[in-house]
Protein chains: 2
Amino acid sequence: MTGTRAAETAARKVRLIAAATALAAEGGYEAVQMRDVAARAEVALGTLYRHYASKDQLLLAAMAQQAATLRERLVLRPPNGDTPSARVSDVLRRASRSLERSPLVTKAMLAAMSSAEEAAIPLKLEIDTTLRAIIADVVDEGHCTTFADLDGIVRVLGSVWFAELTYWSSGLNPSSSSMGDNLASAAQLLLG
Amino acid sequence: MTGTRAAETAARKVRLIAAATALAAEGGYEAVQMRDVAARAEVALGTLYRHYASKDQLLLAAMAQQAATLRERLVLRPPNGDTPSARVSDVLRRASRSLERSPLVTKAMLAAMSSAEEAAIPLKLEIDTTLRAIIADVVDEGHCTTFADLDGIVRVLGSVWFAELTYWSSGLNPSSSSMGDNLASAAQLLLG
DNA sequence: CGCGAACCTAGAACGTGTTGCAGGTGTGAC
DNA sequence: GTCACACCTGCAACACGTTCTAGGTTCGCG
């Protein structure tokens, strides 16, 4: 029918990620129930666990994919702005808006991000690396800038981004301040 | 015996926090099991839930207390250093060392910090405020400094602190880099 | 005193993540 | 051909956070 055995297995993994994302979009982290994910992907529960060892790893895999997609999209439409500070602000603003567009999905993935499992570390590292790469891409655009401690700056910006996402996800931000504004202000402090 | 009824209730709450902290110290977040907390505090499970509506709120209450204690201790021993950057580095280093001394407790509390419950927001805000106050106390020491955007700087430093704690708690940091060093470098970038 | 409110206990019960088991089925080695 | 193996299904079972129930005790107020 659809192809070789390996292809079917790959298709199942795709369906599982899609099912998890769909359920997250509908009801957030708690709505991503393993029995439901398996059912929606038309797969047995045991099979789901064969491919993704836990709920958090499933969501992290989905997040890694989404982070990679986000990076590609941002590379396609290069940032507006002359100074590094302006470009970083622009990119982080766009990225934040994109994440805010599906709040339940984003929050579900952030919840998974704060899992304590040893086994989740590689996935988290991958995600972390991708997000930092998004920033580094942009700061260094055109190679025309020389900051004494570029790595340090990128690290700080990554931390601020992560913290802002977490605050936003918990509803800790005063309503007046948006992620985008706070990120722009941090970029200004560090690069401006 | 021990006193009035209200005093006994208060004592129970103290015992509950102590039990939770002790269990966290022994086995981390997962070892803080509600049945065990109740048993160790010699209190019925229902009573535990009467005082702390969830495991995360229990741990957050413990964390709020610990944050307040940390702040007091830091106020008592004022920081070393002439420049704001040096003072902030010093304080954050000391605080990090203090938190690293009981890694399981710290990690358990950070896990609770990333709970998504609505009801946990006030507690998280309180903790967040205390931690930022620790930084603000020190930057502003002696009132002798004028930064254009002091609030923004404190906010960024707080974010970096939070993110570093989270990375450390997940084991995401390359072994060579310690929280203390990364925080000092961020302080240097922002204040130096 | 007598009563209601607030609090406590013991323990059963429920939901959901996770694991385990007892088979089925297709694939590649020999 | 057939054997081993990897993968799948369906389902039972377990653990722990959380909720609920049924009843007991203490406090303050008329």
# chains A, B, ... in the order shown; residues from 1 in each chain; ligands from 1

$ closest_atom_pairs --of "chain A" --to "chain B" --cutoff "9 Å" --atoms "only C-alpha atoms" --output "JSON lines"
{"residue": "A:Lys107", "atom": "CA", "partner": "B:Ala116", "partner_atom": "CA", "distance": 8.6}
{"residue": "A:Leu110", "atom": "CA", "partner": "B:Ser114", "partner_atom": "CA", "distance": 8.9}
{"residue": "A:Ala111", "atom": "CA", "partner": "B:Ser114", "partner_atom": "CA", "distance": 7.1}
{"residue": "A:Ser114", "atom": "CA", "partner": "B:Ser114", "partner_atom": "CA", "distance": 6.6}
{"residue": "A:Ser115", "atom": "CA", "partner": "B:Ala111", "partner_atom": "CA", "distance": 7.6}
{"residue": "A:Ala116", "atom": "CA", "partner": "B:Ser170", "partner_atom": "CA", "distance": 6.0}
{"residue": "A:Glu117", "atom": "CA", "partner": "B:Ser170", "partner_atom": "CA", "distance": 8.0}
{"residue": "A:Glu118", "atom": "CA", "partner": "B:Ser170", "partner_atom": "CA", "distance": 7.8}
{"residue": "A:Ala120", "atom": "CA", "partner": "B:Ser170", "partner_atom": "CA", "distance": 8.9}
{"residue": "A:Ile121", "atom": "CA", "partner": "B:Leu172", "partner_atom": "CA", "distance": 6.8}
{"residue": "A:Pro122", "atom": "CA", "partner": "B:Leu172", "partner_atom": "CA", "distance": 8.7}
{"residue": "A:Lys124", "atom": "CA", "partner": "B:Leu172", "partner_atom": "CA", "distance": 7.8}
{"residue": "A:Leu125", "atom": "CA", "partner": "B:Leu172", "partner_atom": "CA", "distance": 6.7}
{"residue": "A:Asp149", "atom": "CA", "partner": "B:Leu189", "partner_atom": "CA", "distance": 8.4}
{"residue": "A:Gly152", "atom": "CA", "partner": "B:Ser185", "partner_atom": "CA", "distance": 7.2}
{"residue": "A:Ile153", "atom": "CA", "partner": "B:Leu189", "partner_atom": "CA", "distance": 7.6}
{"residue": "A:Arg155", "atom": "CA", "partner": "B:Ala186", "partner_atom": "CA", "distance": 8.8}
{"residue": "A:Val156", "atom": "CA", "partner": "B:Val160", "partner_atom": "CA", "distance": 6.4}
{"residue": "A:Leu157", "atom": "CA", "partner": "B:Val160", "partner_atom": "CA", "distance": 8.5}
{"residue": "A:Gly158", "atom": "CA", "partner": "B:Val160", "partner_atom": "CA", "distance": 8.7}
{"residue": "A:Ser159", "atom": "CA", "partner": "B:Val160", "partner_atom": "CA", "distance": 5.3}
{"residue": "A:Val160", "atom": "CA", "partner": "B:Ser159", "partner_atom": "CA", "distance": 5.3}
{"residue": "A:Trp161", "atom": "CA", "partner": "B:Ser159", "partner_atom": "CA", "distance": 8.4}
{"residue": "A:Phe162", "atom": "CA", "partner": "B:Ala163", "partner_atom": "CA", "distance": 6.8}
{"residue": "A:Ala163", "atom": "CA", "partner": "B:Ser159", "partner_atom": "CA", "distance": 5.3}
{"residue": "A:Glu164", "atom": "CA", "partner": "B:Ser159", "partner_atom": "CA", "distance": 7.4}
{"residue": "A:Thr166", "atom": "CA", "partner": "B:Ser114", "partner_atom": "CA", "distance": 7.9}
{"residue": "A:Ser169", "atom": "CA", "partner": "B:Ala116", "partner_atom": "CA", "distance": 7.8}
{"residue": "A:Ser170", "atom": "CA", "partner": "B:Ala116", "partner_atom": "CA", "distance": 6.0}
{"residue": "A:Gly171", "atom": "CA", "partner": "B:Ile121", "partner_atom": "CA", "distance": 7.3}
{"residue": "A:Leu172", "atom": "CA", "partner": "B:Leu125", "partner_atom": "CA", "distance": 6.7}
{"residue": "A:Asn182", "atom": "CA", "partner": "B:Gly152", "partner_atom": "CA", "distance": 8.2}
{"residue": "A:Ser185", "atom": "CA", "partner": "B:Gly152", "partner_atom": "CA", "distance": 7.2}
{"residue": "A:Ala186", "atom": "CA", "partner": "B:Val156", "partner_atom": "CA", "distance": 6.6}
{"residue": "A:Leu189", "atom": "CA", "partner": "B:Leu190", "partner_atom": "CA", "distance": 7.1}
{"residue": "A:Leu190", "atom": "CA", "partner": "B:Leu190", "partner_atom": "CA", "distance": 6.7}

$ write_last_selection --atoms "N, CA and C atoms" --output "tab-separated table (two decimals), in the first residue's frame"
chain	number	residue	atom	x	y	z
A	107	LYS	N	2.52	26.97	25.37
A	107	LYS	CA	2.58	26.69	26.80
A	107	LYS	C	2.79	25.22	27.07
A	110	LEU	N	6.42	24.56	26.55
A	110	LEU	CA	7.24	25.10	27.63
A	110	LEU	C	7.11	24.24	28.87
A	111	ALA	N	5.91	23.73	29.11
A	111	ALA	CA	5.75	22.84	30.27
A	111	ALA	C	6.66	21.63	30.11
A	114	SER	N	10.32	22.09	30.95
A	114	SER	CA	10.78	22.14	32.33
A	114	SER	C	10.64	20.78	33.00
A	115	SER	N	10.63	19.75	32.22
A	115	SER	CA	10.66	18.42	32.81
A	115	SER	C	12.05	18.11	33.35
A	116	ALA	N	12.11	17.27	34.32
A	116	ALA	CA	13.40	17.02	34.97
A	116	ALA	C	14.06	15.72	34.51
A	117	GLU	N	13.45	15.04	33.56
A	117	GLU	CA	14.00	13.75	33.12
A	117	GLU	C	15.41	13.88	32.57
A	118	GLU	N	16.26	13.00	33.00
A	118	GLU	CA	17.59	12.88	32.39
A	118	GLU	C	17.46	12.72	30.88
A	120	ALA	N	15.58	13.65	28.77
A	120	ALA	CA	15.11	14.76	27.95
A	120	ALA	C	16.23	15.75	27.64
A	121	ILE	N	17.35	15.60	28.28
A	121	ILE	CA	18.43	16.58	28.13
A	121	ILE	C	18.87	16.78	26.67
A	122	PRO	N	19.10	15.70	25.93
A	122	PRO	CA	19.54	15.93	24.54
A	122	PRO	C	18.53	16.74	23.74
A	124	LYS	N	16.36	18.87	24.88
A	124	LYS	CA	16.36	20.26	25.35
A	124	LYS	C	17.58	21.00	24.82
A	125	LEU	N	18.72	20.31	24.81
A	125	LEU	CA	19.93	20.95	24.28
A	125	LEU	C	19.73	21.34	22.82
A	149	ASP	N	32.47	40.38	23.70
A	149	ASP	CA	32.05	39.08	24.22
A	149	ASP	C	30.75	38.65	23.55
A	152	GLY	N	28.90	35.73	25.07
A	152	GLY	CA	28.23	36.11	26.31
A	152	GLY	C	26.94	36.85	26.04
A	153	ILE	N	26.96	37.75	25.08
A	153	ILE	CA	25.76	38.52	24.75
A	153	ILE	C	24.66	37.60	24.24
A	155	ARG	N	24.33	34.49	24.84
A	155	ARG	CA	23.87	33.68	25.96
A	155	ARG	C	22.87	34.45	26.81
A	156	VAL	N	23.19	35.71	27.10
A	156	VAL	CA	22.28	36.51	27.93
A	156	VAL	C	20.94	36.71	27.21
A	157	LEU	N	21.02	37.03	25.92
A	157	LEU	CA	19.77	37.23	25.19
A	157	LEU	C	18.93	35.96	25.17
A	158	GLY	N	19.60	34.83	24.99
A	158	GLY	CA	18.87	33.56	25.04
A	158	GLY	C	18.19	33.35	26.37
A	159	SER	N	18.92	33.67	27.45
A	159	SER	CA	18.33	33.52	28.78
A	159	SER	C	17.12	34.42	28.94
A	160	VAL	N	17.26	35.67	28.49
A	160	VAL	CA	16.14	36.59	28.65
A	160	VAL	C	14.94	36.09	27.84
A	161	TRP	N	15.19	35.61	26.65
A	161	TRP	CA	14.10	35.09	25.84
A	161	TRP	C	13.40	33.94	26.56
A	162	PHE	N	14.20	33.02	27.05
A	162	PHE	CA	13.63	31.88	27.75
A	162	PHE	C	12.82	32.33	28.97
A	163	ALA	N	13.40	33.23	29.74
A	163	ALA	CA	12.70	33.69	30.94
A	163	ALA	C	11.41	34.42	30.57
A	164	GLU	N	11.47	35.24	29.54
A	164	GLU	CA	10.26	35.97	29.15
A	164	GLU	C	9.17	35.00	28.70
A	166	THR	N	8.79	32.00	29.71
A	166	THR	CA	8.29	31.33	30.90
A	166	THR	C	7.34	32.25	31.67
A	169	SER	N	4.15	32.50	29.84
A	169	SER	CA	3.39	31.27	29.92
A	169	SER	C	2.70	31.11	31.27
A	170	SER	N	3.32	31.64	32.32
A	170	SER	CA	2.71	31.55	33.65
A	170	SER	C	1.76	32.70	33.93
A	171	GLY	N	1.67	33.65	33.03
A	171	GLY	CA	0.84	34.81	33.33
A	171	GLY	C	1.48	35.72	34.36
A	172	LEU	N	2.80	35.72	34.44
A	172	LEU	CA	3.47	36.53	35.45
A	172	LEU	C	3.72	37.97	35.00
A	182	ASN	N	9.85	43.73	26.09
A	182	ASN	CA	10.91	43.44	27.05
A	182	ASN	C	12.15	42.92	26.34
A	185	SER	N	13.92	45.76	24.70
A	185	SER	CA	14.65	46.58	25.67
A	185	SER	C	15.94	45.89	26.10
A	186	ALA	N	15.89	44.58	26.27
A	186	ALA	CA	17.11	43.86	26.63
A	186	ALA	C	18.13	43.95	25.51
A	189	LEU	N	19.76	47.26	25.66
A	189	LEU	CA	20.73	47.36	26.74
A	189	LEU	C	22.05	46.70	26.37
A	190	LEU	N	21.96	45.55	25.71
A	190	LEU	CA	23.17	44.76	25.49
A	190	LEU	C	23.91	45.15	24.22

$ closest_atom_pairs --of "chain B" --to "chain D" --cutoff "10 Å" --atoms "only C-alpha atoms (C1' of nucleotides)" --output "Markdown table"
| residue | atom | partner | partner_atom | distance |
| --- | --- | --- | --- | --- |
| B:Arg5 | CA | D:DT26 | C1' | 7.8 |
| B:Glu30 | CA | D:DC16 | C1' | 9.5 |
| B:Gln33 | CA | D:DC16 | C1' | 7.4 |
| B:Met34 | CA | D:DG17 | C1' | 7.6 |
| B:Arg35 | CA | D:DC16 | C1' | 8.9 |
| B:Gly46 | CA | D:DT19 | C1' | 9.3 |
| B:Tyr49 | CA | D:DT18 | C1' | 8.9 |
| B:Ala53 | CA | D:DT18 | C1' | 9.4 |
| B:Ser54 | CA | D:DT18 | C1' | 8.1 |
| B:Lys55 | CA | D:DG17 | C1' | 7.8 |

$ closest_atom_pairs --of "chain C" --to "chain B" --cutoff "12 Å" --atoms "only C-alpha atoms (C1' of nucleotides)" --output "JSON lines"
{"residue": "C:DA6", "atom": "C1'", "partner": "B:Arg5", "partner_atom": "CA", "distance": 10.9}
{"residue": "C:DC7", "atom": "C1'", "partner": "B:Thr47", "partner_atom": "CA", "distance": 8.5}
{"residue": "C:DC8", "atom": "C1'", "partner": "B:Thr47", "partner_atom": "CA", "distance": 7.0}
{"residue": "C:DT9", "atom": "C1'", "partner": "B:Ala44", "partner_atom": "CA", "distance": 6.0}
{"residue": "C:DA10", "atom": "C1'", "partner": "B:Ala44", "partner_atom": "CA", "distance": 7.7}
{"residue": "C:DG11", "atom": "C1'", "partner": "B:Leu45", "partner_atom": "CA", "distance": 9.8}

$ closest_residue --among "A:Val32, A:Ala41, A:Leu58, A:Leu99" --to "A:Trp168" --atoms "only C-alpha atoms"
A:Leu99

$ residues_around --residues "B:Ala86" --least-positions-apart "3" --cutoff "10 Å" --atoms "only C-alpha atoms (C1' of nucleotides)" --output "list in words"
Pro79, Asn80, Gly81, Asp82, Thr83, Ser89, Asp90, Val91, Val138, Val139, Ala184, Ala187, Gln188, Leu191 and Gly192 of chain B

$ write_last_selection --atoms "all heavy atoms" --output "tab-separated table (two decimals), in the first residue's frame"
chain	number	residue	atom	x	y	z
B	79	PRO	N	27.52	43.04	50.59
B	79	PRO	CA	28.38	42.52	49.54
B	79	PRO	C	29.72	43.24	49.48
B	79	PRO	O	29.82	44.40	49.84
B	79	PRO	CB	27.58	42.79	48.26
B	79	PRO	CG	26.76	43.97	48.60
B	79	PRO	CD	26.41	43.84	50.04
B	80	ASN	N	30.71	42.52	49.00
B	80	ASN	CA	32.02	43.12	48.78
B	80	ASN	C	32.09	43.68	47.38
B	80	ASN	O	31.58	43.09	46.44
B	80	ASN	CB	33.11	42.06	48.93
B	80	ASN	CG	32.98	41.32	50.24
B	80	ASN	OD1	32.79	41.94	51.29
B	80	ASN	ND2	33.05	39.98	50.20
B	81	GLY	N	32.76	44.81	47.23
B	81	GLY	CA	32.95	45.33	45.88
B	81	GLY	C	32.63	46.81	45.79
B	81	GLY	O	31.72	47.30	46.45
B	82	ASP	N	33.37	47.50	44.94
B	82	ASP	CA	33.18	48.95	44.81
B	82	ASP	C	32.14	49.27	43.75
B	82	ASP	O	31.26	50.09	43.95
B	82	ASP	CB	34.51	49.61	44.44
B	82	ASP	CG	35.57	49.32	45.50
B	82	ASP	OD1	35.17	49.14	46.68
B	82	ASP	OD2	36.76	49.28	45.15
B	83	THR	N	32.26	48.61	42.62
B	83	THR	CA	31.33	48.91	41.53
B	83	THR	C	30.07	48.08	41.68
B	83	THR	O	30.09	47.01	42.30
B	83	THR	CB	31.97	48.57	40.18
B	83	THR	OG1	32.08	47.14	40.10
B	83	THR	CG2	33.35	49.19	40.06
B	89	SER	N	27.85	40.65	41.15
B	89	SER	CA	28.53	39.38	40.94
B	89	SER	C	28.73	38.65	42.26
B	89	SER	O	28.44	37.46	42.39
B	89	SER	CB	29.88	39.60	40.27
B	89	SER	OG	29.71	40.14	38.98
B	90	ASP	N	29.19	39.40	43.24
B	90	ASP	CA	29.46	38.79	44.53
B	90	ASP	C	28.20	38.18	45.14
B	90	ASP	O	28.18	37.03	45.57
B	90	ASP	CB	30.04	39.86	45.48
B	90	ASP	CG	30.41	39.27	46.83
B	90	ASP	OD1	31.16	38.28	46.84
B	90	ASP	OD2	29.94	39.78	47.86
B	91	VAL	N	27.12	38.97	45.13
B	91	VAL	CA	25.90	38.48	45.76
B	91	VAL	C	25.33	37.28	45.01
B	91	VAL	O	24.91	36.28	45.61
B	91	VAL	CB	24.86	39.61	45.84
B	91	VAL	CG1	23.48	39.05	46.09
B	91	VAL	CG2	25.23	40.57	46.95
B	138	VAL	N	21.23	45.51	45.82
B	138	VAL	CA	22.68	45.56	45.68
B	138	VAL	C	23.12	46.53	44.61
B	138	VAL	O	24.10	47.27	44.79
B	138	VAL	CB	23.20	44.14	45.36
B	138	VAL	CG1	24.67	44.18	45.06
B	138	VAL	CG2	22.91	43.23	46.53
B	139	VAL	N	22.42	46.53	43.49
B	139	VAL	CA	22.80	47.48	42.44
B	139	VAL	C	22.75	48.90	42.98
B	139	VAL	O	23.64	49.71	42.73
B	139	VAL	CB	21.86	47.34	41.22
B	139	VAL	CG1	22.17	48.44	40.22
B	139	VAL	CG2	22.01	45.98	40.58
B	184	ALA	N	28.14	36.40	36.78
B	184	ALA	CA	29.11	37.49	36.88
B	184	ALA	C	29.35	38.10	35.50
B	184	ALA	O	29.42	39.33	35.36
B	184	ALA	CB	30.42	36.96	37.47
B	187	ALA	N	26.47	40.30	34.61
B	187	ALA	CA	26.52	41.55	35.37
B	187	ALA	C	27.55	42.50	34.77
B	187	ALA	O	27.32	43.71	34.63
B	187	ALA	CB	26.86	41.26	36.84
B	188	GLN	N	28.68	41.94	34.40
B	188	GLN	CA	29.73	42.74	33.78
B	188	GLN	C	29.23	43.38	32.49
B	188	GLN	O	29.43	44.58	32.24
B	188	GLN	CB	30.95	41.83	33.52
B	188	GLN	CG	32.04	42.46	32.67
B	188	GLN	CD	32.75	43.59	33.41
B	188	GLN	OE1	32.75	43.62	34.63
B	188	GLN	NE2	33.30	44.53	32.66
B	191	LEU	N	26.49	46.10	33.57
B	191	LEU	CA	26.79	47.17	34.51
B	191	LEU	C	28.23	47.68	34.39
B	191	LEU	O	28.56	48.72	34.94
B	191	LEU	CB	26.59	46.69	35.95
B	191	LEU	CG	25.17	46.26	36.33
B	191	LEU	CD1	25.19	45.48	37.62
B	191	LEU	CD2	24.29	47.48	36.45
B	192	GLY	N	29.03	46.90	33.70
B	192	GLY	CA	30.47	47.19	33.76
B	192	GLY	C	30.90	48.15	32.68
B	192	GLY	O	32.03	48.43	32.48

$ residues_around --residues "A:Leu92" --least-positions-apart "4" --cutoff "7 Å" --atoms "only C-alpha atoms (C1' of nucleotides)" --output "PyMOL selection string"
chain A and resi 88+96+180+183

$ atom_distance --atom1 "atom CA of B:Leu131" --atom2 "atom CA of B:Arg71"
7.8 Å

$ residues_around --residues "stretch 66-69 of chain B" --least-positions-apart "3" --cutoff "8 Å" --atoms "only C-alpha atoms (C1' of nucleotides)" --output "list in words"
Ala62, Met63, Glu72, Arg73, Ile127, Thr130 and Leu131 of chain B

$ write_last_selection --atoms "N, CA and C atoms" --output "PDB file, in the first residue's frame"
ATOM      1  N   ALA B  62       7.219  26.762  50.480  1.00  0.00           N
ATOM      2  CA  ALA B  62       8.536  26.514  51.070  1.00  0.00           C
ATOM      3  C   ALA B  62       9.584  27.397  50.410  1.00  0.00           C
ATOM      4  N   MET B  63       9.477  27.540  49.092  1.00  0.00           N
ATOM      5  CA  MET B  63      10.470  28.327  48.370  1.00  0.00           C
ATOM      6  C   MET B  63      10.374  29.799  48.731  1.00  0.00           C
ATOM      7  N   GLU B  72      17.360  37.942  53.713  1.00  0.00           N
ATOM      8  CA  GLU B  72      17.793  38.458  55.025  1.00  0.00           C
ATOM      9  C   GLU B  72      19.273  38.190  55.268  1.00  0.00           C
ATOM     10  N   ARG B  73      19.677  36.975  54.946  1.00  0.00           N
ATOM     11  CA  ARG B  73      21.075  36.643  55.189  1.00  0.00           C
ATOM     12  C   ARG B  73      22.000  37.538  54.375  1.00  0.00           C
ATOM     13  N   ILE B 127       7.800  35.216  45.041  1.00  0.00           N
ATOM     14  CA  ILE B 127       9.173  34.722  44.939  1.00  0.00           C
ATOM     15  C   ILE B 127       9.964  35.576  43.961  1.00  0.00           C
ATOM     16  N   THR B 130      10.887  38.871  45.434  1.00  0.00           N
ATOM     17  CA  THR B 130      11.971  38.777  46.410  1.00  0.00           C
ATOM     18  C   THR B 130      13.322  38.648  45.721  1.00  0.00           C
ATOM     19  N   LEU B 131      13.380  37.783  44.698  1.00  0.00           N
ATOM     20  CA  LEU B 131      14.671  37.578  44.040  1.00  0.00           C
ATOM     21  C   LEU B 131      15.136  38.856  43.334  1.00  0.00           C
TER      22      LEU B 131
END

$ atom_distance --atom1 "atom CA of B:Asp151" --atom2 "atom CA of A:Arg94"
24.2 Å

$ select_by_dssp --residues "stretch 16-187 of chain B" --states "helix (DSSP H, G or I)" --output "count of residues only"
134

$ atom_distance --atom1 "atom CA of B:Lys13" --atom2 "atom CA of B:Ala25"
18.3 Å
